[in-house]
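These notes concern the structure reproduced below.
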Amino acid sequence: MKKYTDTGKKDTRSGFGDGLTELGRKNPNVVALCADLVGSLKMQDFIDENPERFFQVGIAEANMIGISAGLTIGGKIPFAGTFANFATGRVYDQIRQSVAYSGKNVKICASHSGVTLGEDGATHQILEDIGLMKMLPGMTVINTCDYNQTKAATIAIAEHEGPVYLRFGRPKVANFTPEDQNFEIGKAIHLYEGTDVTIIATGHLVWEAIQAAEKLSEKGISAEVINLHTIKPLDEEAIINSVKKTGCVVTAEEHNFLGGLGESVARTLAENNPAPQEFVATQDTFGESGTPEQLMDKYGLNAEAIIKATEKVLSRK
C-alpha cells in the first residue's frame, strides 16, 4: 500500500520563507512585515533581495496588522509574519476590525503553531487559532502539512483577493507532497482511496494519517485519507462523498477539538450525511514544555492515536 515517501525532513516555516522569496521576484506588489522574528519566520532572503519592501515593526503585532491593512489601500499585498499565538490571540481585535470587517487583502502568516512549538511551552503553543480565524467572515484559513505544500500555498495566496490566515509550524517534519504541486485553495486532496473509514487530516497530522492508514491496511482495514489543507472555505463535497462511501470518519488536527477542523467536518455531516465521527485533537487543554515528539504522544496527536480512533469509530458503524 505504501505510496508516499518522506524525501527528507524540512520545516514548514522554511517553505513559507522560500515561497515569500519567490513571490518577491515575481510580484512587485508583495511586501513583508515582521514583529521582530525574521529568523524564526525565515524571511531574511526576501529582505536581502527586497529591502525597500520590508517593514520591521518590532514587538508591536497590533501595529503590524494596522500597517498591513493600510498598505492594501495602495495596492500592495502585505504578508505579515509572526508566531501563531501573537498573530491571532494577541491582535484579534485589530484583525477583526481592520482586516476582516474591512475585507482587506492582508495575508497573516503564522508560524510555530500547535504543541510542536515544543520547549517554549503553553504560553506560546496556541491551540485555538483555527477556531478564532475561521469564525471571522470572509477569512480564508489554510493549514499546510509539509515544506512543499507550505511553499506552494504561500505563492498561491498572493493571487487570492481577500484576507488569509496561513498556519504552519516550527519543527522539521516529513516532506512528502510533490515539489511542483498546484495548490488550490478550498480543494481537498485525496491521498488514499478506501472503503471502511475516512480519515481527514490537516497540518502535521497528515503524515501521521498516512502512517496510520498503512498500518490499518495490514490489519485489513481500508482507510480513505484526505489532506484538508483549507479549513475555510471547506471542501464539503469531498467530505460528504467520502463519508457516504465509508460510513464513518476520523478527523485529525494539531488543535483543540473545540473550534477546529473536526467541528467543521461534524457540522457539514450533521447537515448533509450524519455519520459516526471520532476526533484526534487536544481535549480542551493547554500544552506544556517538551519536545514535539513527547507532546504529540502525550496529547494523542500521532498515528497510534489515529489507529485507536479508527478502531473505535468502526465499532460505532
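Following the order of the C-alpha cells, first chain is A, next is B, and so on, with residues numbered from 1 inside each chain and ligands from 1 in the order they appear.
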Exercise for review: For segment 123-129 of chain A, work out the shell of residues within 8 Å, counting only C-alpha atoms and skipping chain neighbours fewer than 5 positions away, then give it as a ChimeraX atom specification.
Suggested key: /A:84-85,88-89,112-118,254-256,258-260,282,286-288
Please, could you write that set of residues out with N, CA and C atoms as a CSV table (one decimal), in the first residue's frame?
```csv
chain,number,residue,atom,x,y,z
A,84,ALA,N,2.1,32.1,15.6
A,84,ALA,CA,0.7,32.0,15.5
A,84,ALA,C,0.0,32.5,16.8
A,85,ASN,N,0.6,32.4,17.9
A,85,ASN,CA,0.0,32.9,19.2
A,85,ASN,C,-0.2,34.4,19.1
A,88,THR,N,-2.7,35.9,16.2
A,88,THR,CA,-4.2,35.8,16.4
A,88,THR,C,-4.7,36.3,17.7
A,89,GLY,N,-4.4,35.5,18.8
A,89,GLY,CA,-4.9,35.9,20.1
A,89,GLY,C,-4.5,37.3,20.5
A,112,HIS,N,5.1,28.5,14.1
A,112,HIS,CA,5.2,28.0,15.4
A,112,HIS,C,3.8,27.7,16.1
A,113,SER,N,2.9,27.1,15.3
A,113,SER,CA,1.5,26.8,15.8
A,113,SER,C,1.5,25.5,16.5
A,114,GLY,N,0.5,25.3,17.3
A,114,GLY,CA,0.3,24.0,18.0
A,114,GLY,C,1.4,23.6,19.0
A,115,VAL,N,1.3,22.4,19.5
A,115,VAL,CA,2.2,21.9,20.5
A,115,VAL,C,3.6,21.6,20.0
A,116,THR,N,3.7,21.4,18.7
A,116,THR,CA,5.1,21.2,18.1
A,116,THR,C,6.0,22.4,18.2
A,117,LEU,N,5.5,23.5,18.7
A,117,LEU,CA,6.4,24.6,19.0
A,117,LEU,C,7.4,24.1,20.1
A,118,GLY,N,6.9,23.1,20.9
A,118,GLY,CA,7.9,22.4,21.8
A,118,GLY,C,8.2,23.1,23.1
A,254,GLU,N,-3.7,19.2,14.9
A,254,GLU,CA,-2.9,19.7,16.0
A,254,GLU,C,-3.6,21.0,16.5
A,255,HIS,N,-4.7,20.8,17.2
A,255,HIS,CA,-5.5,22.0,17.6
A,255,HIS,C,-6.6,21.4,18.6
A,256,ASN,N,-7.1,22.3,19.3
A,256,ASN,CA,-8.2,21.9,20.2
A,256,ASN,C,-9.4,21.4,19.5
A,258,LEU,N,-12.3,21.7,20.1
A,258,LEU,CA,-13.3,22.7,20.1
A,258,LEU,C,-12.9,23.8,19.1
A,259,GLY,N,-13.7,23.9,18.1
A,259,GLY,CA,-13.5,25.0,17.1
A,259,GLY,C,-12.6,24.7,15.9
A,260,GLY,N,-12.1,23.5,15.8
A,260,GLY,CA,-11.1,23.2,14.8
A,260,GLY,C,-11.7,22.6,13.6
A,282,THR,N,-6.4,18.0,20.6
A,282,THR,CA,-6.2,18.2,22.0
A,282,THR,C,-7.6,18.4,22.7
A,286,PHE,N,-4.5,23.3,27.6
A,286,PHE,CA,-3.3,24.0,27.2
A,286,PHE,C,-2.2,23.0,27.0
A,287,GLY,N,-1.1,23.3,26.3
A,287,GLY,CA,0.0,22.4,26.2
A,287,GLY,C,1.0,22.6,27.4
A,288,GLU,N,2.2,22.1,27.2
A,288,GLU,CA,3.3,22.3,28.2
A,288,GLU,C,4.6,22.2,27.5
```
Point to revise | Secondary structure check, strand (DSSP E or B) residues of segment 57-270 of chain A, as a PyMOL selection string | key: chain A and resi 77-83+107-111+140-143+164-167+172-173+189-192+197-201+223-227+230-232+249-256
Study note, to complete from the structure: Among A:Ala156, A:Asp45, A:Asn143, A:Gly169, Thr82 of chain A is approached most closely, using only C-alpha atoms, by A:Gly169
Exercise for review: Extract, using only C-alpha atoms, all DNA, RNA and protein residues at most 8 Å from Gly17 of chain A, discarding same-chain residues fewer than 4 positions from it, and format them as an MDAnalysis selection string.
Suggested key: chainID A and resid 13 21 41:46 151
Point to revise | Selection: 7 Å around Asn302 of chain A, only C-alpha atoms, excl. self and same-chain fewer than 6 positions, as a list in words | key: Leu205, Glu208 and Met296 of chain A
Dump all heavy atoms for the selected residues as a compact mmCIF listing (two decimals), in the first residue's frame?
```
# COMPACT_ATOMS: atom_id res chain seq x y z
N LEU A 205 -0.62 16.55 11.08
CA LEU A 205 -1.29 15.26 11.27
C LEU A 205 -1.53 14.51 9.96
O LEU A 205 -1.91 13.33 9.98
CB LEU A 205 -2.61 15.45 12.02
CG LEU A 205 -2.56 15.39 13.55
CD1 LEU A 205 -2.23 13.99 14.03
CD2 LEU A 205 -1.56 16.39 14.13
N GLU A 208 0.96 11.72 9.79
CA GLU A 208 0.57 10.71 10.77
C GLU A 208 -0.62 9.90 10.25
O GLU A 208 -0.70 8.69 10.49
CB GLU A 208 0.21 11.38 12.10
CG GLU A 208 1.36 12.14 12.75
CD GLU A 208 2.53 11.26 13.13
OE1 GLU A 208 2.30 10.09 13.52
OE2 GLU A 208 3.68 11.73 13.02
N MET A 296 3.33 15.37 21.15
CA MET A 296 2.40 14.72 20.21
C MET A 296 1.94 13.38 20.79
O MET A 296 0.78 13.00 20.64
CB MET A 296 3.07 14.51 18.86
CG MET A 296 3.40 15.78 18.11
SD MET A 296 1.99 16.56 17.32
CE MET A 296 2.00 15.71 15.73
```
Review point. If we count only C-alpha atoms, what is near Val30 of chain A at a cut-off of 9 Å, once residues fewer than 2 positions away on the same chain are taken out, given as a ChimeraX atom specification?
Key: /A:20,23-24,26-28,32,53,76-79,158
Just-selected residues, N, CA and C atoms written as a PDB file, in the first residue's frame:
```
ATOM      1  N   LEU A  20       7.911  33.041  -0.044  1.00  0.00           N
ATOM      2  CA  LEU A  20       7.893  34.502   0.007  1.00  0.00           C
ATOM      3  C   LEU A  20       9.015  35.081  -0.852  1.00  0.00           C
ATOM      4  N   LEU A  23       8.001  34.845  -4.420  1.00  0.00           N
ATOM      5  CA  LEU A  23       6.990  35.851  -4.701  1.00  0.00           C
ATOM      6  C   LEU A  23       7.624  37.225  -4.900  1.00  0.00           C
ATOM      7  N   GLY A  24       8.637  37.521  -4.095  1.00  0.00           N
ATOM      8  CA  GLY A  24       9.309  38.810  -4.207  1.00  0.00           C
ATOM      9  C   GLY A  24       9.908  39.038  -5.579  1.00  0.00           C
ATOM     10  N   LYS A  26       8.652  37.668  -8.372  1.00  0.00           N
ATOM     11  CA  LYS A  26       7.593  37.617  -9.375  1.00  0.00           C
ATOM     12  C   LYS A  26       6.620  38.789  -9.291  1.00  0.00           C
ATOM     13  N   ASN A  27       6.329  39.225  -8.085  1.00  0.00           N
ATOM     14  CA  ASN A  27       5.247  40.185  -7.891  1.00  0.00           C
ATOM     15  C   ASN A  27       5.749  41.414  -7.131  1.00  0.00           C
ATOM     16  N   PRO A  28       5.881  42.552  -7.816  1.00  0.00           N
ATOM     17  CA  PRO A  28       6.415  43.753  -7.159  1.00  0.00           C
ATOM     18  C   PRO A  28       5.497  44.348  -6.106  1.00  0.00           C
ATOM     19  N   ALA A  32       6.488  42.606   2.819  1.00  0.00           N
ATOM     20  CA  ALA A  32       6.535  41.749   4.008  1.00  0.00           C
ATOM     21  C   ALA A  32       6.709  42.596   5.259  1.00  0.00           C
ATOM     22  N   ARG A  53      11.012  46.721   0.460  1.00  0.00           N
ATOM     23  CA  ARG A  53       9.659  46.171   0.562  1.00  0.00           C
ATOM     24  C   ARG A  53       9.461  45.402   1.865  1.00  0.00           C
ATOM     25  N   LYS A  76      -0.799  47.253  -2.410  1.00  0.00           N
ATOM     26  CA  LYS A  76       0.224  46.296  -2.000  1.00  0.00           C
ATOM     27  C   LYS A  76      -0.428  45.023  -1.439  1.00  0.00           C
ATOM     28  N   ILE A  77       0.342  43.940  -1.444  1.00  0.00           N
ATOM     29  CA  ILE A  77      -0.114  42.659  -0.902  1.00  0.00           C
ATOM     30  C   ILE A  77       0.776  42.326   0.285  1.00  0.00           C
ATOM     31  N   PRO A  78       0.375  42.708   1.484  1.00  0.00           N
ATOM     32  CA  PRO A  78       1.226  42.515   2.661  1.00  0.00           C
ATOM     33  C   PRO A  78       1.166  41.091   3.224  1.00  0.00           C
ATOM     34  N   PHE A  79       2.348  40.544   3.490  1.00  0.00           N
ATOM     35  CA  PHE A  79       2.499  39.267   4.182  1.00  0.00           C
ATOM     36  C   PHE A  79       3.039  39.593   5.570  1.00  0.00           C
ATOM     37  N   ALA A 158      -1.064  34.803  -2.726  1.00  0.00           N
ATOM     38  CA  ALA A 158      -0.804  36.138  -3.279  1.00  0.00           C
ATOM     39  C   ALA A 158      -1.790  36.456  -4.403  1.00  0.00           C
TER      40      ALA A 158
END
```
Review point. Taking the backbone alone, and naming residues the way the document does, which bits of segment 84-256 of chain A are helix (DSSP H, G or I) by DSSP, as a ChimeraX atom specification?
Key: /A:84-87,89-100,115-120,129-134,147-157,205-218,236-246
Review point. Nearest to Ile95 of chain A among A:Lys10, A:Arg167, A:Lys107, A:His190, with distances taken over only C-alpha atoms: which residue is it?
Key: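 Of A:Lys10, A:Arg167, A:Lys107, A:His190, the one nearest Ile95 of chain A, counting only C-alpha atoms, is A:Lys107.
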Practice item. Determine, counting only C-alpha atoms, which protein, DNA and RNA residues have an atom within 10 Å of an atom of segment 267-271 of chain A; residues of the same chain fewer than 5 positions away are not included. Present the result as a ChimeraX atom specification. Key: /A:234-237,239-240,243-244,249,262,276-277
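Minimum atom-to-atom distances from A:Tyr299, A:Phe54, A:Tyr165, A:Tyr92 to Cys109 of chain A were compared using only C-alpha atoms, and the lowest value belongs to A:Tyr165.
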Point to revise | Between atom CA of Ile157 of chain A and atom CA of Cys145 of chain A - distance in Å to one decimal | key: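 These two atoms are separated by 15.8 Å.
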Check your understanding: From the set A:Gln56, A:Gln97, A:Asn148, A:Ser68, which residue has the shortest atom-to-atom contact distance to Ser14 of chain A, counting only C-alpha atoms?
Key ->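 Of the candidates, the smallest distance to Ser14 of chain A is held by A:Asn148.
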Point to revise | d(atom CA of Ile130 of chain A, atom CA of Ala153 of chain A) in Å | key: 16.5 Å
Review point. A:Thr12, A:Thr177, A:Gln94, A:Thr72: which is nearest Ser111 of chain A, counting only C-alpha atoms?
Key: A:Thr12
Study note, to complete from the structure: From the list A:Ile155, A:Ile185, A:Ala62, A:Leu33, the nearest residue to Arg90 of chain A using only C-alpha atoms is A:Ala62
Check your understanding: atom CA of Thr251 of chain A and atom CA of Thr195 of chain A, how far apart in Å?
Key -> 16.1 Å
I'd like the contact shell of Thr310 of chain A - 12 Å cut-off, only C-alpha atoms, skipping same-chain residues fewer than 3 positions apart - returned as a short mmCIF file (atom, residue, chain, number, x, y, z; two decimals) with N, CA, C and O atoms, in the first residue's frame.
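Final output, saved to around33.cif:
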```cif
data_model
loop_
_atom_site.label_atom_id
_atom_site.label_comp_id
_atom_site.auth_asym_id
_atom_site.auth_seq_id
_atom_site.Cartn_x
_atom_site.Cartn_y
_atom_site.Cartn_z
N ASP A 196 -13.60 1.57 4.14
CA ASP A 196 -14.06 1.28 5.51
C ASP A 196 -14.20 2.51 6.39
O ASP A 196 -15.09 2.59 7.24
N VAL A 197 -13.30 3.48 6.23
CA VAL A 197 -13.29 4.65 7.09
C VAL A 197 -12.63 5.81 6.34
O VAL A 197 -11.72 5.61 5.54
N THR A 198 -13.11 7.01 6.62
CA THR A 198 -12.49 8.22 6.08
C THR A 198 -11.64 8.86 7.17
O THR A 198 -12.13 9.07 8.29
N ILE A 199 -10.39 9.14 6.88
CA ILE A 199 -9.51 9.88 7.79
C ILE A 199 -9.22 11.23 7.15
O ILE A 199 -8.61 11.30 6.09
N ILE A 200 -9.68 12.28 7.80
CA ILE A 200 -9.46 13.64 7.30
C ILE A 200 -8.48 14.34 8.23
O ILE A 200 -8.74 14.50 9.42
N ALA A 209 -1.53 10.54 9.54
CA ALA A 209 -2.69 9.85 8.97
C ALA A 209 -2.25 8.85 7.90
O ALA A 209 -2.81 7.74 7.79
N ALA A 212 -0.84 5.91 9.70
CA ALA A 212 -1.92 5.14 10.30
C ALA A 212 -2.63 4.29 9.25
O ALA A 212 -2.94 3.11 9.48
N ALA A 213 -2.90 4.88 8.09
CA ALA A 213 -3.60 4.16 7.02
C ALA A 213 -2.81 2.95 6.56
O ALA A 213 -3.39 1.88 6.28
N LYS A 215 -0.66 1.20 8.34
CA LYS A 215 -0.73 0.17 9.38
C LYS A 215 -2.11 -0.46 9.45
O LYS A 215 -2.24 -1.67 9.69
N LEU A 216 -3.15 0.32 9.23
CA LEU A 216 -4.51 -0.21 9.22
C LEU A 216 -4.71 -1.19 8.06
O LEU A 216 -5.41 -2.19 8.19
N SER A 217 -4.05 -0.89 6.94
CA SER A 217 -4.14 -1.78 5.78
C SER A 217 -3.62 -3.17 6.11
O SER A 217 -4.15 -4.18 5.65
N LYS A 219 -3.96 -4.59 8.81
CA LYS A 219 -4.98 -5.24 9.62
C LYS A 219 -6.25 -5.53 8.81
O LYS A 219 -7.26 -5.97 9.36
N ILE A 221 -7.99 -3.19 7.17
CA ILE A 221 -8.91 -2.04 7.21
C ILE A 221 -8.53 -1.07 6.10
O ILE A 221 -7.38 -0.60 6.02
N SER A 222 -9.48 -0.75 5.24
CA SER A 222 -9.25 0.14 4.10
C SER A 222 -9.63 1.57 4.46
O SER A 222 -10.81 1.89 4.63
N ALA A 223 -8.62 2.43 4.60
CA ALA A 223 -8.85 3.81 5.02
C ALA A 223 -8.67 4.78 3.86
O ALA A 223 -7.68 4.73 3.14
N GLU A 224 -9.65 5.63 3.71
CA GLU A 224 -9.53 6.73 2.75
C GLU A 224 -8.92 7.92 3.48
O GLU A 224 -9.41 8.30 4.55
N VAL A 225 -7.84 8.49 2.95
CA VAL A 225 -7.14 9.58 3.62
C VAL A 225 -7.25 10.85 2.79
O VAL A 225 -6.94 10.86 1.60
N THR A 246 -17.79 5.47 2.97
CA THR A 246 -17.17 4.70 4.06
C THR A 246 -18.07 4.52 5.27
O THR A 246 -17.94 3.57 6.03
N GLY A 247 -18.95 5.48 5.51
CA GLY A 247 -19.89 5.37 6.62
C GLY A 247 -19.41 5.88 7.96
O GLY A 247 -20.17 5.88 8.93
N CYS A 248 -18.17 6.33 8.07
CA CYS A 248 -17.66 6.89 9.33
C CYS A 248 -16.40 7.69 9.06
O CYS A 248 -15.78 7.56 7.99
N VAL A 249 -16.00 8.52 10.03
CA VAL A 249 -14.89 9.43 9.80
C VAL A 249 -14.09 9.67 11.07
O VAL A 249 -14.63 9.71 12.17
N VAL A 250 -12.78 9.85 10.88
CA VAL A 250 -11.87 10.30 11.93
C VAL A 250 -11.25 11.60 11.46
O VAL A 250 -10.75 11.66 10.32
N THR A 251 -11.29 12.64 12.28
CA THR A 251 -10.60 13.88 11.94
C THR A 251 -9.37 14.02 12.82
O THR A 251 -9.39 13.63 13.99
N ALA A 252 -8.29 14.57 12.25
CA ALA A 252 -7.02 14.66 12.98
C ALA A 252 -6.39 16.03 12.76
O ALA A 252 -6.18 16.45 11.62
N PRO A 276 -20.98 8.39 12.27
CA PRO A 276 -20.10 8.34 13.44
C PRO A 276 -18.77 9.07 13.16
O PRO A 276 -18.20 8.93 12.06
N GLN A 277 -18.31 9.81 14.14
CA GLN A 277 -17.05 10.56 13.99
C GLN A 277 -16.26 10.51 15.29
O GLN A 277 -16.81 10.60 16.38
N GLU A 278 -14.95 10.34 15.16
CA GLU A 278 -14.02 10.45 16.29
C GLU A 278 -13.04 11.57 16.01
O GLU A 278 -12.65 11.81 14.86
N PHE A 279 -12.63 12.25 17.09
CA PHE A 279 -11.78 13.43 16.97
C PHE A 279 -10.38 13.14 17.53
O PHE A 279 -10.25 12.80 18.71
N VAL A 280 -9.36 13.28 16.71
CA VAL A 280 -7.97 13.24 17.18
C VAL A 280 -7.52 14.69 17.25
O VAL A 280 -7.30 15.36 16.23
N ALA A 303 0.10 8.77 14.76
CA ALA A 303 -0.51 7.66 14.02
C ALA A 303 -1.20 6.67 14.95
O ALA A 303 -2.29 6.16 14.62
N GLU A 304 -0.60 6.40 16.10
CA GLU A 304 -1.18 5.44 17.03
C GLU A 304 -2.55 5.92 17.51
O GLU A 304 -3.50 5.13 17.64
N ALA A 305 -2.67 7.21 17.78
CA ALA A 305 -3.95 7.77 18.22
C ALA A 305 -5.00 7.68 17.12
O ALA A 305 -6.18 7.44 17.38
N ILE A 306 -4.56 7.89 15.87
CA ILE A 306 -5.48 7.81 14.74
C ILE A 306 -5.97 6.37 14.56
O ILE A 306 -7.15 6.13 14.28
N ILE A 307 -5.08 5.41 14.76
CA ILE A 307 -5.47 3.99 14.66
C ILE A 307 -6.50 3.65 15.72
O ILE A 307 -7.52 2.99 15.45
N VAL A 313 -14.29 4.18 15.97
CA VAL A 313 -15.37 4.64 15.11
C VAL A 313 -15.94 3.50 14.27
O VAL A 313 -17.14 3.48 13.99
N LEU A 314 -15.11 2.53 13.92
CA LEU A 314 -15.60 1.37 13.18
C LEU A 314 -16.59 0.57 14.01
O LEU A 314 -17.55 -0.02 13.47
N SER A 315 -16.36 0.55 15.32
CA SER A 315 -17.28 -0.20 16.20
C SER A 315 -18.63 0.50 16.34
O SER A 315 -19.59 -0.11 16.84
N ARG A 316 -18.71 1.75 15.90
CA ARG A 316 -19.94 2.52 16.02
C ARG A 316 -20.75 2.54 14.72
O ARG A 316 -21.83 3.12 14.69
N LYS A 317 -20.21 1.97 13.66
CA LYS A 317 -20.91 1.99 12.37
C LYS A 317 -22.20 1.16 12.44
O LYS A 317 -22.24 0.12 13.09
#
```
